[in-house]
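Q: Sharing protein-v7.tsv here; it has TSV, C-alpha atoms (C1' of nucleotides).
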chain	number	residue	atom	x	y	z
A	1	MET	CA	19.08	1.34	7.45
A	2	THR	CA	16.42	-0.09	9.74
A	3	THR	CA	16.89	-3.41	11.39
A	4	PRO	CA	13.92	-5.59	12.22
A	5	SER	CA	14.34	-4.94	15.90
A	6	GLU	CA	14.34	-1.22	15.34
A	7	THR	CA	11.29	-1.46	13.14
A	8	CYS	CA	9.40	-3.70	15.48
A	9	GLY	CA	10.35	-1.87	18.59
A	10	THR	CA	8.10	-3.64	21.00
A	11	VAL	CA	9.26	-7.18	20.46
A	12	GLY	CA	8.14	-9.30	23.33
A	13	THR	CA	6.21	-6.63	25.15
A	14	GLY	CA	2.75	-7.53	23.91
A	15	ASP	CA	0.80	-10.43	22.50
A	16	PHE	CA	2.71	-10.10	19.27
A	17	SER	CA	6.31	-11.07	18.80
A	18	CYS	CA	6.53	-8.40	16.17
A	19	GLY	CA	4.28	-5.80	14.60
A	20	LEU	CA	4.16	-7.95	11.52
A	21	ASP	CA	2.28	-10.62	13.44
A	22	ALA	CA	-0.58	-8.28	14.10
A	23	THR	CA	-0.80	-7.33	10.46
A	24	LEU	CA	-0.69	-10.89	9.28
A	25	ARG	CA	-3.60	-11.86	11.44
A	26	ILE	CA	-5.71	-9.25	9.74
A	27	ILE	CA	-4.72	-9.94	6.18
A	28	SER	CA	-4.45	-13.69	6.45
A	29	GLY	CA	-6.99	-14.98	4.01
A	30	LYS	CA	-6.45	-15.59	0.37
A	31	TRP	CA	-8.24	-12.50	-0.88
A	32	LYS	CA	-8.10	-9.98	1.93
A	33	PRO	CA	-5.12	-8.02	0.65
A	34	LEU	CA	-6.81	-7.72	-2.71
A	35	ILE	CA	-10.06	-6.56	-1.14
A	36	LEU	CA	-8.31	-3.86	0.80
A	37	PHE	CA	-6.31	-2.86	-2.18
A	38	PHE	CA	-9.22	-2.56	-4.57
A	39	LEU	CA	-11.19	-0.50	-2.11
A	40	ARG	CA	-8.47	2.12	-2.09
A	41	ASP	CA	-9.97	4.12	-4.89
A	42	GLY	CA	-13.41	4.33	-3.37
A	43	PRO	CA	-16.34	2.28	-2.08
A	44	LYS	CA	-17.38	-0.69	-4.13
A	45	ARG	CA	-20.52	-2.73	-4.40
A	46	TYR	CA	-20.43	-6.42	-3.75
A	47	SER	CA	-20.73	-7.32	-7.41
A	48	GLU	CA	-17.95	-4.96	-8.36
A	49	LEU	CA	-15.58	-6.63	-5.95
A	50	LYS	CA	-16.66	-10.02	-7.16
A	51	ARG	CA	-15.80	-9.01	-10.69
A	52	LEU	CA	-12.54	-7.29	-9.80
A	53	ILE	CA	-11.24	-10.20	-7.81
A	54	SER	CA	-11.35	-12.88	-10.40
A	55	GLY	CA	-11.49	-16.39	-9.06
A	56	VAL	CA	-13.01	-15.71	-5.69
A	57	SER	CA	-16.14	-17.60	-4.79
A	58	ASN	CA	-19.27	-16.02	-3.50
A	59	LYS	CA	-19.10	-17.57	-0.07
A	60	VAL	CA	-15.48	-16.76	0.55
A	61	LEU	CA	-15.77	-13.20	-0.62
A	62	ILE	CA	-18.63	-12.56	1.76
A	63	GLN	CA	-16.81	-14.24	4.56
A	64	GLN	CA	-13.64	-12.27	4.16
A	65	LEU	CA	-15.58	-9.05	3.85
A	66	LYS	CA	-17.29	-9.86	7.14
A	67	ASP	CA	-13.97	-10.59	8.76
A	68	LEU	CA	-12.52	-7.30	7.65
A	69	GLU	CA	-15.64	-5.52	8.79
A	70	ALA	CA	-15.46	-7.16	12.20
A	71	ASP	CA	-11.84	-6.10	12.41
A	72	LEU	CA	-12.92	-2.53	11.73
A	73	MET	CA	-11.02	-2.40	8.48
A	74	LEU	CA	-14.06	-1.54	6.45
A	75	VAL	CA	-17.61	-0.34	6.68
A	76	ARG	CA	-20.56	-1.99	5.09
A	77	THR	CA	-23.46	0.21	4.02
A	78	ASP	CA	-26.84	-1.28	3.25
A	79	TYR	CA	-29.06	1.14	1.37
A	80	LYS	CA	-32.15	-0.90	2.06
A	81	GLU	CA	-33.36	-0.70	-1.48
A	82	VAL	CA	-34.86	-3.21	-3.83
A	83	PRO	CA	-33.10	-4.58	-5.64
A	84	PRO	CA	-30.58	-4.70	-2.83
A	85	ARG	CA	-27.73	-2.26	-2.90
A	86	VAL	CA	-24.80	-2.50	-0.54
A	87	ASP	CA	-21.36	-1.13	-0.61
A	88	TYR	CA	-18.10	-1.58	1.18
A	89	ALA	CA	-15.72	1.21	2.00
A	90	LEU	CA	-12.43	1.41	3.82
A	91	ALA	CA	-12.63	2.50	7.43
A	92	PRO	CA	-9.77	4.74	8.59
A	93	LEU	CA	-7.91	1.77	9.95
A	94	GLY	CA	-8.41	-0.12	6.74
A	95	ARG	CA	-7.19	2.77	4.70
A	96	SER	CA	-3.94	2.93	6.57
A	97	LEU	CA	-3.51	-0.80	6.18
A	98	ALA	CA	-4.32	-0.64	2.49
A	99	ASP	CA	-1.68	2.01	2.12
A	100	ALA	CA	0.80	-0.32	3.74
A	101	ILE	CA	-0.11	-2.92	1.16
A	102	VAL	CA	0.61	-0.69	-1.80
A	103	PRO	CA	4.35	-1.42	-1.77
A	104	LEU	CA	3.57	-5.10	-2.19
A	105	CYS	CA	1.65	-4.34	-5.33
A	106	THR	CA	4.34	-2.05	-6.59
A	107	TRP	CA	6.90	-4.74	-6.00
A	108	GLY	CA	4.83	-7.26	-7.89
A	109	THR	CA	4.40	-4.92	-10.79
A	110	ASP	CA	8.08	-4.11	-10.90
A	111	HIS	CA	9.10	-7.75	-10.92
A	112	MET	CA	6.24	-9.24	-12.85
A	113	ALA	CA	8.40	-10.51	-15.68
A	114	GLU	CA	10.86	-12.28	-13.39
A	115	MET	CA	8.04	-13.69	-11.32
A	116	ALA	CA	6.23	-15.04	-14.33
A	117	SER	CA	9.26	-17.04	-15.43
A	118	ILE	CA	10.11	-18.16	-11.92
A	119	LEU	CA	6.62	-19.31	-11.17
A	120	ALA	CA	6.36	-20.99	-14.54
A	121	LYS	CA	9.35	-23.16	-13.71
A	122	ARG	CA	7.93	-23.89	-10.30
A	123	ASP	CA	4.74	-25.19	-11.83
A	124	THR	CA	6.42	-27.44	-14.37
A	125	LEU	CA	9.08	-28.88	-12.08
A	126	PRO	CA	7.56	-30.38	-8.98
B	127	MET	CA	-3.04	9.92	-4.58
B	128	THR	CA	-2.52	6.66	-6.42
B	129	THR	CA	-5.45	4.60	-7.53
B	130	PRO	CA	-5.16	0.85	-7.77
B	131	SER	CA	-5.23	0.99	-11.54
B	132	GLU	CA	-2.43	3.52	-11.61
B	133	THR	CA	-0.40	1.46	-9.19
B	134	CYS	CA	-1.02	-1.80	-10.99
B	135	GLY	CA	-0.50	-0.39	-14.40
B	136	THR	CA	-0.42	-3.59	-16.33
B	137	VAL	CA	-3.75	-5.01	-15.33
B	138	GLY	CA	-4.74	-7.69	-17.77
B	139	THR	CA	-1.56	-7.67	-19.78
B	140	GLY	CA	0.13	-10.61	-18.09
B	141	ASP	CA	-0.71	-13.69	-16.09
B	142	PHE	CA	-1.52	-11.53	-13.12
B	143	SER	CA	-4.61	-9.42	-12.76
B	144	CYS	CA	-2.58	-7.06	-10.64
B	145	GLY	CA	0.94	-6.79	-9.37
B	146	LEU	CA	-0.33	-7.75	-5.98
B	147	ASP	CA	-1.18	-11.20	-7.26
B	148	ALA	CA	2.44	-11.90	-8.11
B	149	THR	CA	3.55	-10.82	-4.68
B	150	LEU	CA	0.94	-12.87	-2.92
B	151	ARG	CA	2.02	-16.03	-4.66
B	152	ILE	CA	5.49	-15.57	-3.27
B	153	ILE	CA	4.58	-14.67	0.27
B	154	SER	CA	1.60	-16.96	0.62
B	155	GLY	CA	2.56	-19.26	3.42
B	156	LYS	CA	2.01	-18.66	7.07
B	157	TRP	CA	5.58	-17.73	7.90
B	158	LYS	CA	7.13	-16.46	4.71
B	159	PRO	CA	6.68	-12.79	5.42
B	160	LEU	CA	8.29	-13.26	8.80
B	161	ILE	CA	11.20	-15.17	7.31
B	162	LEU	CA	11.88	-12.44	4.81
B	163	PHE	CA	11.51	-9.81	7.44
B	164	PHE	CA	13.83	-11.37	9.95
B	165	LEU	CA	16.50	-11.87	7.34
B	166	ARG	CA	16.62	-8.17	6.67
B	167	ASP	CA	19.32	-7.51	9.19
B	168	GLY	CA	21.64	-10.16	7.91
B	169	PRO	CA	22.00	-13.89	7.25
B	170	LYS	CA	20.63	-16.24	9.85
B	171	ARG	CA	21.26	-19.82	10.70
B	172	TYR	CA	18.42	-22.28	10.66
B	173	SER	CA	18.22	-22.47	14.40
B	174	GLU	CA	18.17	-18.72	14.75
B	175	LEU	CA	15.18	-18.47	12.48
B	176	LYS	CA	13.49	-21.29	14.31
B	177	ARG	CA	13.91	-19.40	17.55
B	178	LEU	CA	12.94	-16.02	16.15
B	179	ILE	CA	9.77	-17.30	14.55
B	180	SER	CA	8.05	-18.71	17.55
B	181	GLY	CA	5.45	-21.32	16.83
B	182	VAL	CA	6.74	-22.59	13.53
B	183	SER	CA	7.38	-26.27	13.19
B	184	ASN	CA	10.55	-27.77	11.85
B	185	LYS	CA	9.01	-29.19	8.73
B	186	VAL	CA	7.15	-26.09	7.73
B	187	LEU	CA	10.08	-23.79	8.31
B	188	ILE	CA	12.27	-25.92	6.07
B	189	GLN	CA	9.54	-26.13	3.51
B	190	GLN	CA	8.97	-22.41	3.31
B	191	LEU	CA	12.68	-21.71	3.23
B	192	LYS	CA	12.99	-24.04	0.26
B	193	ASP	CA	10.09	-22.35	-1.46
B	194	LEU	CA	11.66	-18.96	-1.03
B	195	GLU	CA	14.97	-20.28	-2.21
B	196	ALA	CA	13.39	-21.81	-5.31
B	197	ASP	CA	11.73	-18.48	-5.95
B	198	LEU	CA	15.15	-16.82	-5.81
B	199	MET	CA	14.22	-14.80	-2.77
B	200	LEU	CA	17.03	-16.13	-0.66
B	201	VAL	CA	20.27	-18.01	-0.81
B	202	ARG	CA	21.14	-21.00	1.27
B	203	THR	CA	24.77	-21.54	2.20
B	204	ASP	CA	25.98	-24.86	3.49
B	205	TYR	CA	29.38	-24.58	5.12
B	206	LYS	CA	29.91	-28.32	5.02
B	207	GLU	CA	31.10	-28.46	8.57
B	208	VAL	CA	30.41	-30.83	11.39
B	209	PRO	CA	28.37	-30.12	13.26
B	210	PRO	CA	26.39	-28.81	10.30
B	211	ARG	CA	26.28	-25.11	9.76
B	212	VAL	CA	23.97	-23.51	7.24
B	213	ASP	CA	22.69	-20.05	6.81
B	214	TYR	CA	20.08	-18.26	4.85
B	215	ALA	CA	20.49	-14.82	3.38
B	216	LEU	CA	18.32	-12.57	1.28
B	217	ALA	CA	18.99	-12.60	-2.42
B	218	PRO	CA	18.65	-9.22	-4.16
B	219	LEU	CA	15.10	-10.03	-5.15
B	220	GLY	CA	14.27	-11.07	-1.64
B	221	ARG	CA	15.74	-7.94	-0.21
B	222	SER	CA	13.55	-5.76	-2.32
B	223	LEU	CA	10.53	-7.83	-1.35
B	224	ALA	CA	11.46	-7.69	2.30
B	225	ASP	CA	11.68	-3.94	2.01
B	226	ALA	CA	8.17	-3.91	0.62
B	227	ILE	CA	7.05	-5.83	3.68
B	228	VAL	CA	8.43	-3.36	6.15
B	229	PRO	CA	5.38	-1.08	5.97
B	230	LEU	CA	3.22	-4.00	7.07
B	231	CYS	CA	5.33	-4.38	10.16
B	232	THR	CA	5.29	-0.70	10.80
B	233	TRP	CA	1.53	-0.67	10.49
B	234	GLY	CA	1.21	-3.53	12.93
B	235	THR	CA	3.46	-1.83	15.41
B	236	ASP	CA	1.60	1.45	15.11
B	237	HIS	CA	-1.78	-0.17	15.68
B	238	MET	CA	-0.81	-2.92	18.03
B	239	ALA	CA	-2.99	-1.70	20.85
B	240	GLU	CA	-6.12	-1.43	18.73
B	241	MET	CA	-5.41	-4.77	17.15
B	242	ALA	CA	-4.98	-6.46	20.49
B	243	SER	CA	-8.40	-5.36	21.66
B	244	ILE	CA	-10.08	-6.06	18.35
B	245	LEU	CA	-8.63	-9.53	18.07
B	246	ALA	CA	-9.44	-10.24	21.68
B	247	LYS	CA	-13.12	-9.58	20.99
B	248	ARG	CA	-12.95	-11.69	17.86
B	249	ASP	CA	-11.68	-14.62	19.86
B	250	THR	CA	-14.31	-14.42	22.57
B	251	LEU	CA	-17.31	-13.71	20.35
B	252	PRO	CA	-17.74	-16.44	17.75
C	253	DC	C1'	22.88	-28.94	14.26
C	254	DC	C1'	20.14	-29.37	10.09
C	255	DG	C1'	16.85	-31.48	7.94
C	256	DA	C1'	14.28	-35.65	5.63
C	257	DA	C1'	10.39	-38.75	6.22
C	258	DT	C1'	5.80	-39.96	7.94
C	259	DC	C1'	1.52	-39.54	9.70
C	260	DC	C1'	-2.52	-36.88	10.41
C	261	DC	C1'	-6.15	-33.55	10.41
C	262	DA	C1'	-8.43	-29.12	10.91
C	263	DC	C1'	-9.94	-25.66	8.23
C	264	DG	C1'	-9.78	-22.48	4.56
C	265	DG	C1'	-11.77	-22.43	0.61
C	266	DG	C1'	-14.63	-24.02	-3.77
C	267	DA	C1'	-19.20	-25.38	-6.16
C	268	DT	C1'	-23.87	-25.36	-6.15
C	269	DA	C1'	-28.52	-24.29	-5.05
C	270	DC	C1'	-31.81	-21.38	-2.73
C	271	DT	C1'	-33.99	-16.85	-0.75
C	272	DG	C1'	-35.71	-11.89	0.13
D	273	DC	C1'	-28.51	-7.90	-6.35
D	274	DA	C1'	-26.68	-9.52	-2.25
D	275	DG	C1'	-26.43	-12.56	0.22
D	276	DT	C1'	-27.35	-17.61	3.22
D	277	DA	C1'	-27.08	-22.53	3.45
D	278	DT	C1'	-24.86	-27.02	2.51
D	279	DC	C1'	-21.84	-30.15	1.09
D	280	DC	C1'	-17.30	-31.35	0.05
D	281	DC	C1'	-12.34	-31.48	-0.43
D	282	DG	C1'	-7.33	-30.49	-0.97
D	283	DT	C1'	-3.62	-29.09	1.27
D	284	DG	C1'	-1.07	-26.30	4.26
D	285	DG	C1'	0.60	-27.02	8.28
D	286	DG	C1'	1.52	-29.45	13.03
D	287	DA	C1'	3.79	-33.36	15.88
D	288	DT	C1'	6.91	-36.74	15.97
D	289	DT	C1'	10.58	-39.64	14.71
D	290	DC	C1'	14.77	-40.74	12.47
D	291	DG	C1'	19.36	-39.82	9.97
D	292	DG	C1'	24.07	-37.74	8.55
Could you quickly redo this structure as structure tokens?

A:
Amino acid sequence: MTTPSETCGTVGTGDFSCGLDATLRIISGKWKPLILFFLRDGPKRYSELKRLISGVSNKVLIQQLKDLEADLMLVRTDYKEVPPRVDYALAPLGRSLADAIVPLCTWGTDHMAEMASILAKRDTLP
Amino acid sequence: MTTPSETCGTVGTGDFSCGLDATLRIISGKWKPLILFFLRDGPKRYSELKRLISGVSNKVLIQQLKDLEADLMLVRTDYKEVPPRVDYALAPLGRSLADAIVPLCTWGTDHMAEMASILAKRDTLP
DNA sequence: CCGAATCCCACGGGATACTG
DNA sequence: CAGTATCCCGTGGGATTCGG
């Protein structure tokens, strides 16, 4: 068994109270975890991501991609063609983070039925 | 190697495009991942959580605790004493989710140095 | 000590139109 | 196709106060 303090290790020694803080600052943003996750199986073009992540708006997708790029989580490649062609790929750092996200997805898949009923109730009973 | 589609499995068969969606609905909220994480090593009283999670406000902490309780992630116990004593503990579902969060913390801890410098730049360069 | 009740607002995010 | 540029808004979240 690992306790939080064991897992965090450096509590109070840095700018972060816990390693989780650092992670949360990177993936805070409605679609960032999904972006990282979908890029796991290879580089994707902008339009592919847009299609994969249903519900995201143009502006926000671009913005979160830029954030992740600035945070060195992914690499943007512009092929300077016409019509434009650009793709986004995980940088090494981003890959490791994406791997850390996988368990979240697995959890969601495993408990999808329960979650569906729970969230359904939540939506009907304010 | 696991691809996103392999990991998600049930893409398009439910209300969620991907298992990750379900998870994100539960942990969306600035402090929810931290709450779940800190409860991993046992039940905590309200004031303990408040102290552990530095920066959270009273209202929001209560709010997110209630959300997680309504989502069956944790159990609130009121000991009906005076002065009041209440604690929060992980429900089985919450424990499994908290376990899925551990890798995020580990990642943050492992890359804390890089993150500190990256985020420092991000704050100085708008 | 735990939490309910207010007030308030920045800001993350959505919709739309336009450009190279 | 891959963005940029605006406008706009809901709400998540912060500060403070009060109550049992």

Q: Would you give the centre and edge lengths, in Å to one decimal, of a box along x, y and z around the listed atoms of range 254-262 of chain C, with 6 Å added to each side, as AutoDock Vina command-line options?

A:
--center_x 5.9 --center_y -34.5 --center_z 8.3 --size_x 40.6 --size_y 22.8 --size_z 17.3

Q: Neighbours of Lys158 in chain B within 10 Å (only C-alpha atoms (C1' of nucleotides); same-chain residues fewer than 6 positions away dropped), as a VMD selection string?

A: chain B and resid 152 164 187 190 to 191 193 to 194

Q: In Å, rounded to a single decimal, give me how far CA of Ser57 in chain A is from C1' of DT278 in chain D.

A: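 CA of Ser57 in chain A lies 14.8 Å from C1' of DT278 in chain D.
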
Q: Could the residues of chain C that have an atom at most 10 Å from chain A be listed as a tab-separated table, each with its closest atom pair and the distance in Å to one decimal, counting only C-alpha atoms (C1' of nucleotides) and ordered by chain and ascending residue number?

A:
residue	atom	partner	partner_atom	distance
C:DG264	C1'	A:Gly29	CA	8.0
C:DG265	C1'	A:Val60	CA	6.8
C:DG266	C1'	A:Ser57	CA	6.7
C:DA267	C1'	A:Ser57	CA	8.5
C:DG272	C1'	A:Pro84	CA	9.3

Q: Could you list, as a PDB file with C-alpha atoms (C1' of nucleotides), keeping the file's coordinate frame, every residue within 12 Å of DC253 in chain C, counting all atoms listed in the file and ignoring same-chain residues fewer than 6 positions away?

A:
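As written to disk, out04.pdb reads:
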ATOM      1  CA  ARG B 171      21.260 -19.820  10.700  1.00  0.00           C
ATOM      2  CA  TYR B 172      18.420 -22.280  10.660  1.00  0.00           C
ATOM      3  CA  SER B 173      18.220 -22.470  14.400  1.00  0.00           C
ATOM      4  CA  GLU B 174      18.170 -18.720  14.750  1.00  0.00           C
ATOM      5  CA  ASP B 204      25.980 -24.860   3.490  1.00  0.00           C
ATOM      6  CA  LYS B 206      29.910 -28.320   5.020  1.00  0.00           C
ATOM      7  CA  GLU B 207      31.100 -28.460   8.570  1.00  0.00           C
ATOM      8  CA  VAL B 208      30.410 -30.830  11.390  1.00  0.00           C
ATOM      9  CA  PRO B 209      28.370 -30.120  13.260  1.00  0.00           C
ATOM     10  CA  PRO B 210      26.390 -28.810  10.300  1.00  0.00           C
ATOM     11  CA  ARG B 211      26.280 -25.110   9.760  1.00  0.00           C
ATOM     12  CA  VAL B 212      23.970 -23.510   7.240  1.00  0.00           C
ATOM     13  CA  ASP B 213      22.690 -20.050   6.810  1.00  0.00           C
TER      14      ASP B 213
ATOM     15  C1'  DG D 292      24.070 -37.740   8.550  1.00  0.00           C
TER      16       DG D 292
END

Q: Could you check the closest approach to chain A for each of B:Met199, B:Leu175, B:Ala215, B:Leu245 and tell me which residue wins, using all atoms listed in the file?

A: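 Ranking B:Met199, B:Leu175, B:Ala215, B:Leu245 by distance to chain A, first place goes to B:Leu245.
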
Q: Dump as an mmCIF file with C-alpha atoms (C1' of nucleotides), in the coordinates of the input the residues of chain D that approach chain B to within 9 Å, counting all atoms listed in the file.

A:
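Wrote selection.cif, looks like this:
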data_model
loop_
_atom_site.group_PDB
_atom_site.id
_atom_site.type_symbol
_atom_site.label_atom_id
_atom_site.label_comp_id
_atom_site.auth_asym_id
_atom_site.auth_seq_id
_atom_site.Cartn_x
_atom_site.Cartn_y
_atom_site.Cartn_z
ATOM 1 C "C1'" DG D 284 -1.070 -26.300 4.260
ATOM 2 C "C1'" DG D 285 0.600 -27.020 8.280
ATOM 3 C "C1'" DG D 286 1.520 -29.450 13.030
ATOM 4 C "C1'" DA D 287 3.790 -33.360 15.880
#

Q: Within 9 Å of chain A, which residues of chain B come that close, and what is the closest atom pair and distance in Å for each? Count only C-alpha atoms and give it as CSV.

A:
residue,atom,partner,partner_atom,distance
B:Thr128,CA,A:Asp41,CA,8.0
B:Thr129,CA,A:Asp41,CA,5.3
B:Pro130,CA,A:Phe38,CA,6.2
B:Ser131,CA,A:Asp41,CA,8.7
B:Thr133,CA,A:Thr106,CA,6.4
B:Cys134,CA,A:Thr109,CA,6.3
B:Gly135,CA,A:Thr109,CA,7.6
B:Thr136,CA,A:Thr109,CA,7.5
B:Gly140,CA,A:Met112,CA,8.2
B:Asp141,CA,A:Ala116,CA,7.3
B:Phe142,CA,A:Met112,CA,8.1
B:Ser143,CA,A:Ser54,CA,7.9
B:Cys144,CA,A:Thr109,CA,7.3
B:Gly145,CA,A:Thr109,CA,4.2
B:Leu146,CA,A:Cys105,CA,4.0
B:Asp147,CA,A:Gly108,CA,7.2
B:Ala148,CA,A:Gly108,CA,5.2
B:Thr149,CA,A:Gly108,CA,5.0
B:Leu150,CA,A:Leu104,CA,8.2
B:Arg151,CA,A:Leu119,CA,8.6
B:Ile152,CA,A:Met115,CA,8.7
B:Ser154,CA,A:Lys30,CA,8.2
B:Lys156,CA,A:Ser28,CA,8.2
B:Pro159,CA,A:Leu20,CA,8.2
B:Leu160,CA,A:Leu20,CA,7.3
B:Phe163,CA,A:Pro4,CA,6.8
B:Phe164,CA,A:Pro4,CA,6.2
B:Leu165,CA,A:Pro4,CA,8.4
B:Arg166,CA,A:Pro4,CA,6.7
B:Asp167,CA,A:Thr3,CA,5.2
B:Gly168,CA,A:Thr3,CA,9.0
B:Leu178,CA,A:Ser17,CA,8.7
B:Ile179,CA,A:Ser17,CA,8.3
B:Ser180,CA,A:Ser17,CA,7.9
B:Ala196,CA,A:Arg122,CA,7.7
B:Asp197,CA,A:Ile118,CA,6.2
B:Leu198,CA,A:Ile118,CA,8.0
B:Leu219,CA,A:His111,CA,8.6
B:Ser222,CA,A:Trp107,CA,7.7
B:Leu223,CA,A:Trp107,CA,6.7
B:Asp225,CA,A:Pro103,CA,8.6
B:Ala226,CA,A:Pro103,CA,5.1
B:Ile227,CA,A:Leu104,CA,6.9
B:Val228,CA,A:Thr7,CA,7.8
B:Pro229,CA,A:Ala100,CA,5.2
B:Leu230,CA,A:Ala100,CA,5.5
B:Cys231,CA,A:Leu20,CA,4.0
B:Thr232,CA,A:Gly19,CA,6.4
B:Trp233,CA,A:Leu97,CA,6.6
B:Gly234,CA,A:Gly19,CA,4.2
B:Thr235,CA,A:Gly19,CA,4.1
B:Asp236,CA,A:Gly19,CA,7.7
B:His237,CA,A:Gly19,CA,8.3
B:Met238,CA,A:Ala22,CA,6.7
B:Ala239,CA,A:Gly14,CA,8.7
B:Met241,CA,A:Ala22,CA,6.7
B:Ala242,CA,A:Asp15,CA,7.3
B:Ile244,CA,A:Asp71,CA,6.2
B:Leu245,CA,A:Asp71,CA,7.4
B:Arg248,CA,A:Ala70,CA,7.7

Q: What is the C1' of DC260 in chain C to C1' of DT288 in chain D distance in Å?

A: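 Between C1' of DC260 in chain C and C1' of DT288 in chain D the gap works out to 10.9 Å.
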
Q: Work out how far apart CA of Tyr79 in chain A and CA of Arg95 in chain A are and give it in Å to one decimal.

A: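 Separation of CA of Tyr79 in chain A and CA of Arg95 in chain A: 22.2 Å.
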